[in-house]
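Here the structure comes first, spelled out in structure tokens, and everything after it is commentary.
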Amino acid sequence: MSGPAIETVDLTKRYGNQVAVDSLDLTVRDGEIYGFLGPNGAGKSTTIGLLMDYLRPTSGSMQVLGLDPQQDVVDLHGRVGVLPDRFSLYEDLTGRRHLEFVIDTKHATNDPESVLERVGLADAIDREAGEYSQGMGQRLALAMALVGGPDLLVLDEPFTGLDPHGVRRVREIVHEEHDRGATVFFSSHVLGQVELVCDRVGILHHGRLVTEGSLDELRSAVDLEADASMEDVFVAYTDTPDVNATSGEGGR
Ligand SMILES: Nc1ncnc2c1ncn2[C@@H]1O[C@H](COP(=O)(O)OP(=O)(O)OP(=O)(O)O)[C@@H](O)[C@H]1O
């Protein structure tokens with residue numbers, strides 16, 4: 001693919017007076033690992049919902065893998081692996097059945113056991129998802145996103161609920177997928193991990209992209225020391241918390 005993996009132009013989503021995503025111009029290059037950061041309520045999950053056509057924008061436009069999510073949603077979902085922020089599993093179905101379902105839907109040829117092996121869940125393949133712990137559920141949802149070797153992985157908070165082994169595994173998977181040629185776009189509050197895996201990050205604040213670039217570029221733009229952490233950078237760009245912010249018109 002020659003164009004960007006994700007491109008939004010003036011993308012806006014309002015809920016009544018609340019502006020969740022505000023005139024967002026975002027470009028994620030083909031083949032990069034992009035960390036999408038921002039305080040609670042900044043608009044990250046809403047943006048992902050728009051990109052995947054789970055939500056419709058108030059205004060603006062976007063392309064994902066060169067497709068218009070509103071026109072080409074079936075094609076798009078065939079080429080993207082998504083780990084949504086709030087996923088639900090079928091309590092009565094085993095991990096294997098969950099994988100088989102996605103494999104069938106995507107007309108993929110994966111072996112369920114080897115996909116679950118990748119996320120460290122092969123031992124639980126024939127247990128019902130209702131018996132899984134939170135971290136096991138997260139691993140299953142990630143495995144479902146990996147089915148079919150997607151061109152783009154969209155991961156909303158992939159580290160949630162994972163033990164240190166799981167966190168490391170996610171990082172390794174992100175690198176493996178990147179090496180395979182996939183673009184990886186993920187949101188996270190686990191900034192130490194973001195620092196370890198991302199080529200570039202964008203920081204969203206009150207629905208607006210306040211900065212974007214490599215960690216080095218972001219550090220130098222706010223005159224931070226060369227050894228400043230991702231957390232230092234994040235705090236410098238988002239000095240006021242988003243929670244309970246009134247970001248409607250005239251609210252900032
Ligand atoms: N269905 C909804 N109705 C009304 N407001 C909503 C709805 N969903 C999200 N919002 C608001 O949109 C804003 C952005 O929320 P969003 O979930 O996208 O943030 P986020 O950056 O993903 O936050 P977090 O880091 O806490 O997951 C918040 O102010 C939130 O209250």
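In the structure tokens, each chain is lettered A, B, ... as it comes, each chain's residues begin at 1, and ligands are numbered from 1 in order of appearance.
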
Using only C-alpha atoms, find each residue of region 41-139 of chain A with at least one atom at most 10 Å away from an atom of region 201-219 of chain A; report its shortest atom-to-atom pair and that distance in Å (one decimal), sort the rows by chain and rising residue number, and return the result as CSV.
residue,atom,partner,partner_atom,distance
A:Gly41,CA,A:His206,CA,7.5
A:Ala42,CA,A:His206,CA,4.9
A:Gly43,CA,A:Gly207,CA,5.0
A:Lys44,CA,A:Leu204,CA,7.2
A:Thr46,CA,A:Gly207,CA,9.1
A:Thr47,CA,A:Gly207,CA,8.8

Requested in this report: Let me have all residues with an atom within 9 Å of ligand 1, counting only C-alpha atoms and all ligand atoms, laid out as a PyMOL selection string.
Outcome: chain A and resi 13-16+18-21+37-49+85+156-157+187-189+204-207+242-247

Store the residues picked out above, limited to C-alpha atoms, as an mmCIF file, in the first residue's frame.
data_model
loop_
_atom_site.group_PDB
_atom_site.id
_atom_site.type_symbol
_atom_site.label_atom_id
_atom_site.label_comp_id
_atom_site.auth_asym_id
_atom_site.auth_seq_id
_atom_site.Cartn_x
_atom_site.Cartn_y
_atom_site.Cartn_z
ATOM 1 C CA LYS A 13 -17.695 13.679 16.991
ATOM 2 C CA ARG A 14 -20.085 15.430 19.344
ATOM 3 C CA TYR A 15 -22.388 13.952 21.934
ATOM 4 C CA GLY A 16 -24.856 16.799 22.461
ATOM 5 C CA GLN A 18 -19.826 17.408 24.468
ATOM 6 C CA VAL A 19 -17.094 17.399 21.822
ATOM 7 C CA ALA A 20 -15.401 14.011 22.078
ATOM 8 C CA VAL A 21 -13.246 14.348 18.946
ATOM 9 C CA LEU A 37 -2.139 8.663 23.921
ATOM 10 C CA GLY A 38 -4.229 11.030 25.989
ATOM 11 C CA PRO A 39 -5.793 11.499 29.425
ATOM 12 C CA ASN A 40 -9.007 9.737 30.417
ATOM 13 C CA GLY A 41 -11.851 11.115 28.335
ATOM 14 C CA ALA A 42 -9.529 12.623 25.693
ATOM 15 C CA GLY A 43 -11.368 10.907 22.828
ATOM 16 C CA LYS A 44 -9.131 7.953 21.978
ATOM 17 C CA SER A 45 -11.786 5.216 22.072
ATOM 18 C CA THR A 46 -14.239 7.471 20.265
ATOM 19 C CA THR A 47 -11.674 7.987 17.488
ATOM 20 C CA ILE A 48 -11.142 4.244 17.228
ATOM 21 C CA GLY A 49 -14.917 3.747 17.134
ATOM 22 C CA ASP A 85 -11.902 -1.104 24.614
ATOM 23 C CA ASP A 156 -7.414 -0.118 22.419
ATOM 24 C CA GLU A 157 -5.529 -0.480 25.715
ATOM 25 C CA SER A 187 -3.979 3.488 22.610
ATOM 26 C CA SER A 188 -2.414 3.029 26.009
ATOM 27 C CA HIS A 189 -1.817 4.624 29.378
ATOM 28 C CA LEU A 204 -4.892 13.723 22.210
ATOM 29 C CA HIS A 205 -6.260 16.259 24.706
ATOM 30 C CA HIS A 206 -9.881 17.430 24.811
ATOM 31 C CA GLY A 207 -10.410 15.669 21.485
ATOM 32 C CA ASP A 242 -9.710 15.679 30.879
ATOM 33 C CA VAL A 243 -11.946 13.982 33.403
ATOM 34 C CA ASN A 244 -15.113 16.023 34.001
ATOM 35 C CA ALA A 245 -13.851 18.670 31.584
ATOM 36 C CA THR A 246 -16.553 20.729 29.918
ATOM 37 C CA SER A 247 -15.213 20.636 26.411
#

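Distances to Ala143 (chain A) were evaluated for A:Val170, A:Leu162, A:Met62, A:Leu196 using only C-alpha atoms, and the minimum falls at A:Val170.
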
Report task. Enumerate as a ChimeraX atom specification all residues of region 8-227 of chain A assigned to helix (DSSP H, G or I) by DSSP on the backbone, naming them with the chain letters and numbers the document uses. Result -> /A:44-51,73-79,95-105,112-118,122-124,129-131,134-146,164-180,191-197,215-221

Query raised in the report: If we count only C-alpha atoms, what is near region 122-131 of chain A at a cut-off of 7 Å, once residues fewer than 2 positions away on the same chain are taken out, given as a ChimeraX atom specification?
Result: /A:89-96,113,116-117,120,133,137

Requested in this report: Record the distance separating CA of Glu100 (chain A) and CA of Gln134 (chain A), expressed in Å with one decimal.
Outcome: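 According to the coordinates, CA of Glu100 (chain A) and CA of Gln134 (chain A) are separated by 20.9 Å.
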
Query - Every residue of region 81-155 of chain A that DSSP places in strand (DSSP E or B), as a VMD selection string - result: chain A and resid 81 to 83 94 128 152 to 155

Query - Close residues, region 171-177 of chain A itself excluded, 12 Å, only C-alpha atoms, min 5 positions apart in chain, as JSON, numbers by chain - result: {"A": [31, 32, 33, 34, 35, 81, 115, 117, 118, 119, 120, 139, 142, 143, 145, 146, 147, 148, 149, 150, 151, 152, 153, 154, 155, 158, 159, 162, 164, 165, 166, 182, 183, 184, 185, 186, 190, 192, 193, 194, 195, 196, 197, 198, 199]}

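Minimum distance to Gly78 (chain A) across A:Arg29, A:His178, A:Lys106, A:Arg200 (counting only C-alpha atoms) occurs at A:Lys106.
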
Query raised in the report: Suppose you want the space between CA of Phe36 (chain A) and CA of Leu50 (chain A); what is it in Å?
Result: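 Calculated distance between CA of Phe36 (chain A) and CA of Leu50 (chain A) is 14.3 Å.
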